[in-house]
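Q: Got model16.cif for you, mmCIF, C-alpha atoms:
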```cif
data_input
loop_
_atom_site.label_atom_id
_atom_site.label_comp_id
_atom_site.auth_asym_id
_atom_site.auth_seq_id
_atom_site.Cartn_x
_atom_site.Cartn_y
_atom_site.Cartn_z
CA MET A 1 167.54 -87.07 -37.14
CA PRO A 2 170.73 -85.37 -38.34
CA ALA A 3 174.12 -85.91 -36.80
CA VAL A 4 174.44 -83.61 -33.81
CA ALA A 5 176.85 -80.71 -33.94
CA GLY A 6 180.44 -81.75 -33.65
CA THR A 7 180.06 -85.50 -34.03
CA ALA A 8 182.65 -87.51 -35.91
CA ALA A 9 180.09 -88.18 -38.65
CA ALA A 10 180.50 -84.60 -39.75
CA GLN A 11 184.27 -84.64 -39.75
CA PRO A 12 186.74 -85.83 -42.36
CA ALA A 13 187.63 -89.34 -41.28
CA GLY A 14 191.27 -89.61 -42.23
CA HIS A 15 194.61 -87.91 -42.26
CA GLY A 16 197.90 -88.03 -44.08
CA LYS A 17 198.02 -89.78 -47.43
CA GLY A 18 195.20 -92.22 -46.78
CA GLY A 19 191.59 -91.73 -45.82
CA HIS A 20 191.42 -93.24 -42.34
CA GLY A 21 192.35 -91.85 -38.95
CA PRO A 22 191.03 -89.84 -36.01
CA ALA A 23 188.26 -87.27 -36.13
CA ARG A 24 189.23 -83.71 -36.95
CA PRO A 25 188.36 -80.41 -35.26
CA LYS A 26 184.62 -80.14 -34.81
CA LEU A 27 182.25 -78.06 -36.89
CA PRO A 28 178.52 -77.49 -36.44
CA VAL A 29 176.39 -80.00 -38.32
CA PRO A 30 174.97 -79.47 -40.87
CA THR A 31 177.94 -77.28 -41.73
CA ILE A 32 177.16 -74.06 -43.59
CA VAL A 33 179.76 -73.34 -46.26
CA GLY A 34 179.82 -69.79 -47.59
CA HIS A 35 179.94 -70.33 -51.35
CA ARG A 36 182.50 -67.94 -52.86
CA GLY A 37 181.92 -65.96 -49.66
CA THR A 38 178.27 -65.09 -49.67
CA ALA A 39 177.73 -64.53 -53.37
CA GLY A 40 174.04 -63.84 -52.97
CA TYR A 41 174.85 -60.47 -51.40
CA ARG A 42 178.28 -59.35 -52.64
CA PRO A 43 180.36 -59.89 -55.79
CA GLU A 44 181.87 -63.35 -55.42
CA HIS A 45 185.43 -64.06 -54.37
CA THR A 46 186.08 -60.66 -52.86
CA LEU A 47 187.24 -59.90 -49.35
CA GLY A 48 183.90 -58.16 -48.92
CA SER A 49 182.04 -61.35 -49.78
CA TYR A 50 184.25 -63.47 -47.51
CA GLN A 51 183.89 -61.04 -44.62
CA LEU A 52 180.12 -60.83 -44.88
CA ALA A 53 179.80 -64.62 -45.01
CA LEU A 54 181.85 -64.89 -41.84
CA ASP A 55 179.86 -62.13 -40.13
CA MET A 56 176.61 -63.90 -41.10
CA GLY A 57 177.73 -67.04 -39.33
CA ALA A 58 179.06 -69.27 -42.11
CA ASP A 59 181.16 -72.05 -40.62
CA VAL A 60 183.54 -72.31 -43.57
CA ILE A 61 184.39 -69.83 -46.35
CA GLU A 62 185.11 -71.05 -49.90
CA GLN A 63 187.78 -69.93 -52.37
CA ASP A 64 188.58 -71.04 -55.92
CA LEU A 65 192.20 -70.84 -57.09
CA VAL A 66 193.53 -69.90 -60.52
CA PRO A 67 197.05 -68.71 -61.40
CA THR A 68 198.40 -65.47 -62.83
CA LYS A 69 200.97 -65.29 -65.60
CA ASP A 70 203.71 -64.90 -63.01
CA GLY A 71 202.56 -67.83 -60.90
CA HIS A 72 200.57 -66.22 -58.10
CA LEU A 73 197.34 -67.88 -56.95
CA VAL A 74 194.29 -65.61 -57.01
CA CYS A 75 190.68 -66.19 -56.06
CA ARG A 76 188.36 -66.38 -59.06
CA HIS A 77 185.74 -68.97 -59.94
CA GLU A 78 187.20 -69.22 -63.44
CA PRO A 79 190.38 -67.98 -65.12
CA ASP A 80 188.11 -66.05 -67.50
CA ILE A 81 187.55 -62.77 -65.65
CA THR A 82 185.38 -61.09 -68.26
CA ALA A 83 182.20 -61.35 -66.19
CA THR A 84 183.74 -60.89 -62.74
CA SER A 85 185.94 -57.83 -63.27
CA ASP A 86 186.00 -54.50 -65.09
CA VAL A 87 188.77 -55.67 -67.43
CA ALA A 88 186.68 -54.82 -70.51
CA ASP A 89 186.70 -51.18 -69.40
CA HIS A 90 190.51 -51.02 -69.48
CA PRO A 91 191.66 -50.02 -73.00
CA GLU A 92 195.25 -50.85 -72.07
CA PHE A 93 194.21 -54.51 -71.87
CA ALA A 94 192.04 -54.66 -74.98
CA SER A 95 194.66 -56.68 -76.86
CA ARG A 96 194.69 -59.32 -74.13
CA LYS A 97 191.26 -60.58 -75.15
CA THR A 98 191.74 -64.04 -76.60
CA THR A 99 190.21 -67.46 -77.02
CA ARG A 100 191.32 -70.41 -74.93
CA VAL A 101 190.13 -74.00 -74.89
CA ILE A 102 189.94 -75.15 -71.28
CA ASP A 103 188.74 -78.65 -70.49
CA GLY A 104 187.42 -78.97 -74.01
CA VAL A 105 185.40 -75.76 -73.93
CA SER A 106 186.32 -72.79 -76.13
CA THR A 107 185.91 -69.45 -74.36
CA THR A 108 186.71 -65.94 -75.55
CA GLY A 109 187.57 -63.32 -72.98
CA TRP A 110 190.31 -62.15 -70.66
CA PHE A 111 192.16 -64.76 -68.61
CA THR A 112 194.22 -64.49 -65.42
CA VAL A 113 197.10 -66.39 -67.02
CA ASP A 114 197.62 -63.51 -69.46
CA PHE A 115 198.16 -60.97 -66.66
CA THR A 116 200.80 -60.48 -64.02
CA LEU A 117 199.57 -60.04 -60.50
CA ALA A 118 200.47 -56.35 -60.61
CA GLU A 119 198.29 -55.94 -63.70
CA LEU A 120 195.38 -57.86 -62.16
CA LYS A 121 195.55 -55.61 -59.12
CA THR A 122 194.60 -52.64 -61.31
CA LEU A 123 191.20 -54.26 -61.95
CA ARG A 124 188.11 -54.18 -59.77
CA ALA A 125 185.65 -56.99 -59.11
CA LYS A 126 182.00 -56.87 -60.15
CA GLU A 127 178.84 -58.96 -59.94
CA ARG A 128 178.94 -62.02 -62.21
CA ILE A 129 175.17 -62.42 -62.81
CA PRO A 130 173.72 -58.89 -62.64
CA ALA A 131 170.48 -59.92 -64.34
CA ASN A 132 169.71 -62.20 -61.39
CA ARG A 133 171.28 -60.12 -58.64
CA GLN A 134 170.86 -56.49 -59.57
CA HIS A 135 171.31 -55.39 -55.96
CA ASN A 136 174.86 -56.79 -55.98
CA THR A 137 175.87 -54.35 -58.71
CA LEU A 138 175.77 -51.65 -56.03
CA TYR A 139 179.10 -53.08 -54.86
CA ASP A 140 180.78 -53.23 -58.25
CA GLY A 141 184.25 -51.72 -58.03
CA HIS A 142 184.53 -51.82 -54.23
CA TRP A 143 187.09 -54.63 -54.08
CA ASP A 144 189.96 -55.94 -56.13
CA ILE A 145 190.85 -59.54 -57.00
CA PRO A 146 192.38 -61.06 -53.86
CA THR A 147 195.38 -63.33 -53.84
CA TYR A 148 195.05 -66.53 -51.88
CA GLU A 149 197.83 -65.36 -49.60
CA GLU A 150 195.78 -62.25 -48.79
CA VAL A 151 192.86 -64.51 -47.89
CA LEU A 152 195.06 -66.64 -45.63
CA ARG A 153 196.25 -63.49 -43.85
CA TRP A 154 192.67 -62.25 -43.55
CA ALA A 155 191.59 -65.58 -42.06
CA ASP A 156 194.45 -65.54 -39.57
CA ASP A 157 193.63 -61.96 -38.54
CA GLU A 158 189.93 -62.75 -38.15
CA GLY A 159 190.76 -65.90 -36.23
CA ARG A 160 192.85 -63.98 -33.73
CA ARG A 161 190.14 -61.34 -33.39
CA ARG A 162 187.40 -63.91 -32.81
CA GLY A 163 189.43 -66.28 -30.70
CA ARG A 164 188.75 -69.28 -32.95
CA PRO A 165 190.04 -70.53 -36.29
CA VAL A 166 188.41 -69.31 -39.48
CA TRP A 167 187.79 -72.36 -41.65
CA LEU A 168 188.48 -72.22 -45.38
CA TYR A 169 187.36 -74.48 -48.23
CA THR A 170 189.72 -74.10 -51.18
CA GLU A 171 189.38 -75.52 -54.68
CA THR A 172 191.98 -76.17 -57.35
CA LYS A 173 190.34 -75.10 -60.63
CA HIS A 174 191.20 -76.87 -63.89
CA PRO A 175 194.43 -78.32 -62.47
CA THR A 176 195.19 -80.53 -65.48
CA TYR A 177 194.90 -77.57 -67.84
CA PHE A 178 197.10 -75.31 -65.75
CA ARG A 179 199.74 -78.01 -65.27
CA GLY A 180 199.77 -78.42 -69.04
CA ILE A 181 200.71 -74.76 -69.56
CA GLY A 182 203.41 -74.81 -66.90
CA LEU A 183 201.37 -73.29 -64.06
CA GLY A 184 200.67 -76.29 -61.86
CA LEU A 185 198.47 -75.41 -58.91
CA GLU A 186 199.14 -78.06 -56.31
CA GLU A 187 202.75 -77.28 -55.44
CA ARG A 188 202.00 -73.54 -55.19
CA PHE A 189 198.93 -74.29 -53.10
CA ALA A 190 200.83 -76.61 -50.76
CA LYS A 191 203.62 -74.08 -50.29
CA LEU A 192 201.15 -71.47 -49.06
CA LEU A 193 199.39 -73.98 -46.80
CA ARG A 194 202.71 -74.82 -45.16
CA ARG A 195 203.61 -71.15 -44.79
CA TYR A 196 200.36 -70.41 -42.96
CA GLY A 197 200.17 -73.62 -40.94
CA ARG A 198 197.19 -75.12 -42.75
CA ASP A 199 198.98 -78.17 -44.09
CA HIS A 200 198.43 -80.55 -41.18
CA ALA A 201 195.76 -83.16 -40.49
CA ASN A 202 193.76 -81.01 -38.09
CA ALA A 203 194.07 -77.74 -39.98
CA PRO A 204 190.87 -75.66 -40.26
CA ILE A 205 190.58 -76.15 -44.00
CA PHE A 206 189.15 -78.42 -46.65
CA LEU A 207 190.90 -78.87 -49.99
CA GLN A 208 188.66 -79.67 -52.95
CA SER A 209 188.71 -80.35 -56.68
CA PHE A 210 186.53 -81.73 -59.45
CA GLU A 211 189.64 -83.63 -60.57
CA PRO A 212 190.28 -86.55 -58.20
CA THR A 213 193.92 -86.79 -59.24
CA SER A 214 194.47 -83.24 -57.98
CA MET A 215 193.40 -84.34 -54.51
CA LYS A 216 195.60 -87.43 -54.81
CA ARG A 217 198.49 -85.10 -55.63
CA MET A 218 197.65 -82.88 -52.65
CA ALA A 219 197.61 -85.96 -50.43
CA GLU A 220 201.28 -86.44 -51.27
CA LEU A 221 202.09 -82.83 -50.41
CA VAL A 222 200.07 -82.00 -47.27
CA SER A 223 197.90 -83.75 -44.70
CA ALA A 224 194.99 -81.28 -44.72
CA PRO A 225 191.55 -82.87 -45.34
CA ARG A 226 190.54 -83.37 -48.95
CA VAL A 227 187.20 -83.48 -50.76
CA VAL A 228 186.41 -84.76 -54.26
CA LEU A 229 183.76 -82.68 -56.01
CA LEU A 230 181.27 -84.57 -58.18
CA ASP A 231 179.56 -83.02 -61.17
CA VAL A 232 176.20 -84.09 -62.60
CA ALA A 233 175.26 -87.69 -63.30
CA GLY A 234 176.65 -88.89 -66.61
CA SER A 235 179.63 -86.53 -66.59
CA ARG A 236 183.33 -87.41 -66.37
CA PRO A 237 186.10 -85.57 -64.55
CA TRP A 238 188.41 -83.81 -66.99
CA ASP A 239 191.51 -85.52 -65.63
CA PHE A 240 189.90 -88.88 -66.35
CA LYS A 241 189.23 -87.79 -69.93
CA ALA A 242 192.79 -86.53 -70.28
CA THR A 243 194.35 -89.77 -69.03
CA GLY A 244 191.91 -92.21 -70.62
CA ASP A 245 190.38 -93.33 -67.34
CA PRO A 246 186.99 -94.69 -68.47
CA ARG A 247 185.19 -93.95 -65.21
CA GLY A 248 182.71 -91.15 -64.70
CA VAL A 249 180.66 -89.67 -61.90
CA ASP A 250 178.22 -92.56 -62.15
CA ASP A 251 181.08 -94.91 -61.25
CA LEU A 252 182.42 -92.73 -58.45
CA VAL A 253 179.10 -92.63 -56.56
CA THR A 254 178.93 -96.43 -56.35
CA PRO A 255 180.22 -98.16 -53.20
CA ALA A 256 183.34 -99.20 -55.12
CA GLY A 257 183.94 -95.67 -56.37
CA LEU A 258 183.41 -94.20 -52.93
CA LYS A 259 185.82 -96.73 -51.45
CA TRP A 260 188.44 -95.56 -53.94
CA ILE A 261 187.85 -91.90 -53.06
CA ALA A 262 188.14 -92.76 -49.36
CA SER A 263 191.65 -94.11 -50.00
CA PHE A 264 192.97 -90.56 -50.46
CA ALA A 265 190.18 -88.15 -49.45
CA GLN A 266 187.88 -87.56 -46.52
CA GLY A 267 184.75 -86.29 -48.22
CA ILE A 268 182.77 -85.68 -51.37
CA GLY A 269 181.05 -82.57 -52.68
CA PRO A 270 178.26 -83.79 -54.94
CA THR A 271 175.69 -81.73 -56.78
CA LEU A 272 172.43 -81.53 -54.87
CA ASP A 273 170.84 -83.53 -57.68
CA LEU A 274 173.05 -86.50 -56.81
CA VAL A 275 171.50 -86.42 -53.33
CA ILE A 276 167.88 -85.84 -54.43
CA PRO A 277 167.26 -86.01 -58.19
CA LYS A 278 164.61 -83.85 -59.86
CA ASP A 279 161.91 -85.02 -62.23
CA ALA A 280 161.16 -83.56 -65.66
CA THR A 281 159.24 -80.67 -64.07
CA GLY A 282 162.13 -79.72 -61.78
CA LYS A 283 160.53 -81.07 -58.62
CA LEU A 284 162.39 -83.18 -56.08
CA THR A 285 161.95 -86.94 -56.22
CA SER A 286 163.20 -89.52 -53.69
CA PRO A 287 166.72 -89.32 -52.23
CA THR A 288 169.39 -91.61 -53.62
CA THR A 289 171.48 -93.87 -51.41
CA LEU A 290 174.53 -91.60 -51.80
CA VAL A 291 174.46 -90.21 -48.24
CA ARG A 292 174.21 -93.67 -46.71
CA ASP A 293 176.80 -95.15 -49.05
CA ALA A 294 179.31 -92.34 -48.53
CA HIS A 295 178.94 -92.46 -44.76
CA ALA A 296 179.51 -96.22 -44.90
CA LYS A 297 182.92 -95.48 -46.38
CA GLY A 298 183.72 -92.85 -43.74
CA LEU A 299 183.20 -89.92 -46.12
CA ILE A 300 181.44 -86.67 -45.29
CA LEU A 301 179.10 -85.01 -47.81
CA HIS A 302 178.98 -81.28 -48.50
CA PRO A 303 176.75 -80.90 -51.60
CA TYR A 304 176.40 -77.70 -53.63
CA THR A 305 174.80 -75.12 -54.08
CA MET A 306 171.78 -73.68 -52.25
CA ARG A 307 170.55 -70.28 -53.42
CA ASN A 308 167.49 -68.23 -52.45
CA GLU A 309 166.26 -67.16 -55.88
CA ASN A 310 163.43 -69.02 -57.60
CA THR A 311 165.51 -69.71 -60.68
CA PHE A 312 167.95 -71.80 -58.66
CA LEU A 313 165.45 -73.63 -56.43
CA PRO A 314 163.67 -76.94 -57.09
CA ALA A 315 160.27 -76.26 -58.62
CA ASP A 316 158.53 -77.39 -55.41
CA PHE A 317 159.92 -74.38 -53.59
CA ARG A 318 159.52 -71.60 -56.14
CA ARG A 319 157.11 -68.83 -55.22
CA GLY A 320 155.47 -66.47 -57.72
CA THR A 321 156.51 -65.91 -61.31
CA ASP A 322 159.60 -63.70 -60.92
CA PRO A 323 162.63 -65.96 -61.44
CA ASN A 324 164.83 -63.57 -59.47
CA ALA A 325 162.52 -63.27 -56.47
CA TYR A 326 163.17 -65.36 -53.38
CA GLY A 327 161.33 -68.65 -53.13
CA ASP A 328 160.91 -70.99 -50.16
CA ALA A 329 164.61 -71.53 -49.59
CA PHE A 330 163.96 -72.66 -46.02
CA GLY A 331 161.78 -75.48 -47.27
CA ALA A 332 164.47 -76.58 -49.70
CA PHE A 333 167.16 -76.51 -47.00
CA GLN A 334 164.98 -78.72 -44.80
CA ALA A 335 164.46 -81.24 -47.58
CA TYR A 336 168.18 -81.60 -48.13
CA PHE A 337 169.06 -81.59 -44.42
CA GLU A 338 166.64 -84.47 -43.88
CA THR A 339 168.78 -86.70 -46.09
CA GLY A 340 171.57 -86.65 -43.49
CA ILE A 341 174.08 -84.54 -45.41
CA ASP A 342 176.90 -83.18 -43.27
CA GLY A 343 176.73 -79.66 -44.67
CA VAL A 344 175.89 -77.62 -47.73
CA PHE A 345 177.34 -74.84 -49.85
CA THR A 346 175.12 -71.76 -50.05
CA ASP A 347 175.26 -68.32 -51.64
CA ASN A 348 173.15 -67.01 -48.74
CA ALA A 349 174.98 -67.78 -45.52
CA ASP A 350 172.42 -66.19 -43.21
CA THR A 351 169.59 -68.24 -44.72
CA GLY A 352 171.62 -71.41 -44.27
CA VAL A 353 172.45 -70.65 -40.64
CA LEU A 354 168.81 -69.93 -39.77
CA ALA A 355 167.60 -72.98 -41.71
CA ARG A 356 169.98 -75.16 -39.69
CA ALA A 357 168.73 -73.68 -36.44
CA ASP A 358 165.15 -74.43 -37.50
CA PHE A 359 166.08 -77.97 -38.47
CA LEU A 360 167.92 -78.75 -35.24
CA SER A 361 165.13 -77.30 -33.10
CA ARG A 362 162.45 -79.56 -34.48
#
```
Using structure tokens, write down the structure from this file.
A:
Amino acid sequence: MPAVAGTAAAQPAGHGKGGHGPARPKLPVPTIVGHRGTAGYRPEHTLGSYQLALDMGADVIEQDLVPTKDGHLVCRHEPDITATSDVADHPEFASRKTTRVIDGVSTTGWFTVDFTLAELKTLRAKERIPANRQHNTLYDGHWDIPTYEEVLRWADDEGRRRGRPVWLYTETKHPTYFRGIGLGLEERFAKLLRRYGRDHANAPIFLQSFEPTSMKRMAELVSAPRVVLLDVAGSRPWDFKATGDPRGVDDLVTPAGLKWIASFAQGIGPTLDLVIPKDATGKLTSPTTLVRDAHAKGLILHPYTMRNENTFLPADFRRGTDPNAYGDAFGAFQAYFETGIDGVFTDNADTGVLARADFLSR
């Protein structure tokens, strides 16, 4: 059976600079994390997406942070805003299109670091994957690109209105790259967390990054709970590549690697495939020992990302031949919940909330 709602197993285990200490404020278990808000229904990383995720019952709402040219933190999944904004429709910014190499990948487009905040605020957000989510294009242009400070204010306002804290789950994106161009994220991030009272051990927030050293840096700046995100098997965090650390994800998911993570973080955010791998046909196989091993080190697990569409589901749970039609998302949720994970990121917050209710009622 899963951990019951609000047990310490679902909470980050530590506080301060290390990874050990008292349990934190309680969340329902499995915790439903609204991925980029609820990106299955609204353009991602907009106040509209965040609001709908909260209204649908998501326990925690996720943001990704990238900087502007003048050092403000804004919420975008990537600094390249070509696919998530109408920047290409603005002739005044045509000359800003450029090519940047970020974490070893060359990308051509428009980037937040080439715009001041005032300039970014003239743009409007749009659906990132319109071929998969045509219905989301209805909302193109309804919202702008929010700053992280605007999100913190929104969360505080909603918390007062609802009489309970609104939990956030905030990621530092490409921190090594941004530090290298003089726009380090962590100090700016920590300053805002202190300003809005989310810097302490029991703050209603998770900090996260695919670069473990970013979370180690945050551990020196604030006491809020920290999560190390883990990419696919065989990959290596970019900060490890940049510093010559020979380890990769395969090393970090071992008991020794998890013990190291637990020395400065309280959880991990692995891909779903690290919890249950797929075979060559895309069907689920047997669960790994990751859940058991992480829990043994006092770490929570919030894997990513559940989506309703066939194209994103394991082959076992696809229905029909339309890749953009909904498959058996409830069946997939149940399979992952049965592993004992403490929560999951999902683009469809309402599906996740109902799937949890079904799971806990069995």
Q: Could you give me, as a PyMOL selection string, the residues within 12 Å of A:Arg194, counting only C-alpha atoms and dropping anything in the same chain fewer than 2 positions from it?
A: chain A and resi 149+152+187-192+196-201+203+221-224
Q: Can you pull out every residue within 9 Å of stretch 298-308 of chain A, counting only C-alpha atoms, but drop anything in the same chain fewer than 4 positions away, and send it as a PyMOL selection string?
A: chain A and resi 9-14+19-20+30-33+35+40+227+229-230+258-259+261-262+265-275+290-291+293-294+312-313+324-330+332-333+340-348+351-352
Q: One number please: atom CA of A:Gly104 to atom CA of A:Gly248, in Å, one decimal.
A: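 Straight-line distance from atom CA of A:Gly104 to atom CA of A:Gly248 works out to 16.0 Å.
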Q: Taking 2 positions as the minimum chain separation for residues in the same chain, which residues sit within 9 Å of stretch 128-137 of chain A when counting only C-alpha atoms? Answer as an MDAnalysis selection string.
A: chainID A and resid 39:44 82:85 125:126 139:141 309 311 323:325
Q: Write out as a list in words each polymer residue whose atoms come within 12 Å of A:Arg153, counting only C-alpha atoms; drop sequence neighbours fewer than 5 positions from it.
A: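 After dropping sequence-adjacent residues, the list is Leu47, Pro146, Thr147, Tyr148, Glu158, Gly159, Arg160, Val166, Leu168, Leu192, Leu193, Arg195, Tyr196, Gly197 and Arg198 of chain A.
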Q: Could you please determine the separation between atom CA of A:Glu338 and atom CA of A:Lys297 in Å, to one decimal place?
A: 19.8 Å
Q: Name the residues captured by the PyMOL selection byres ((chain A and resi 282) around 8) when it is applied to the shown file; answer as a PyMOL selection string.
A: chain A and resi 278-281+283-284+314-316
Q: Quick one, how far is atom CA of A:Met56 from atom CA of A:Thr172?
A: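 Separating atom CA of A:Met56 from atom CA of A:Thr172 is a distance of 25.5 Å.
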Q: Run through the PyMOL selection byres ((chain A and resi 174) around 12) on the given coordinates and return the selected residues as a count of residues only.
A: 39
Q: Carefully work through the PyMOL selection byres ((chain A and resi 50) around 9) for this structure and note down the residues it includes, as a PyMOL selection string.
A: chain A and resi 34-39+42+44-49+51-55+61-63+151
Q: Pick from A:Ile205, A:Thr122, A:Cys75, A:Phe264: nearest to A:Asp89, with only C-alpha atoms counted?
A: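 Comparing A:Ile205, A:Thr122, A:Cys75, A:Phe264 against A:Asp89, the winner is A:Thr122.
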Q: Considering all atoms listed in the file, state which residue in the set A:Ala335, A:Leu252, A:Leu354, A:Val74 is at the smallest distance from A:Ala118.
A: A:Val74
Q: Using all atoms listed in the file for the distances, tell me which of A:Glu127, A:Asp144, A:Asp70, A:Glu150 is nearest to A:Phe115.
A: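 Answer, going by the shortest atom-to-atom distance: A:Asp70.
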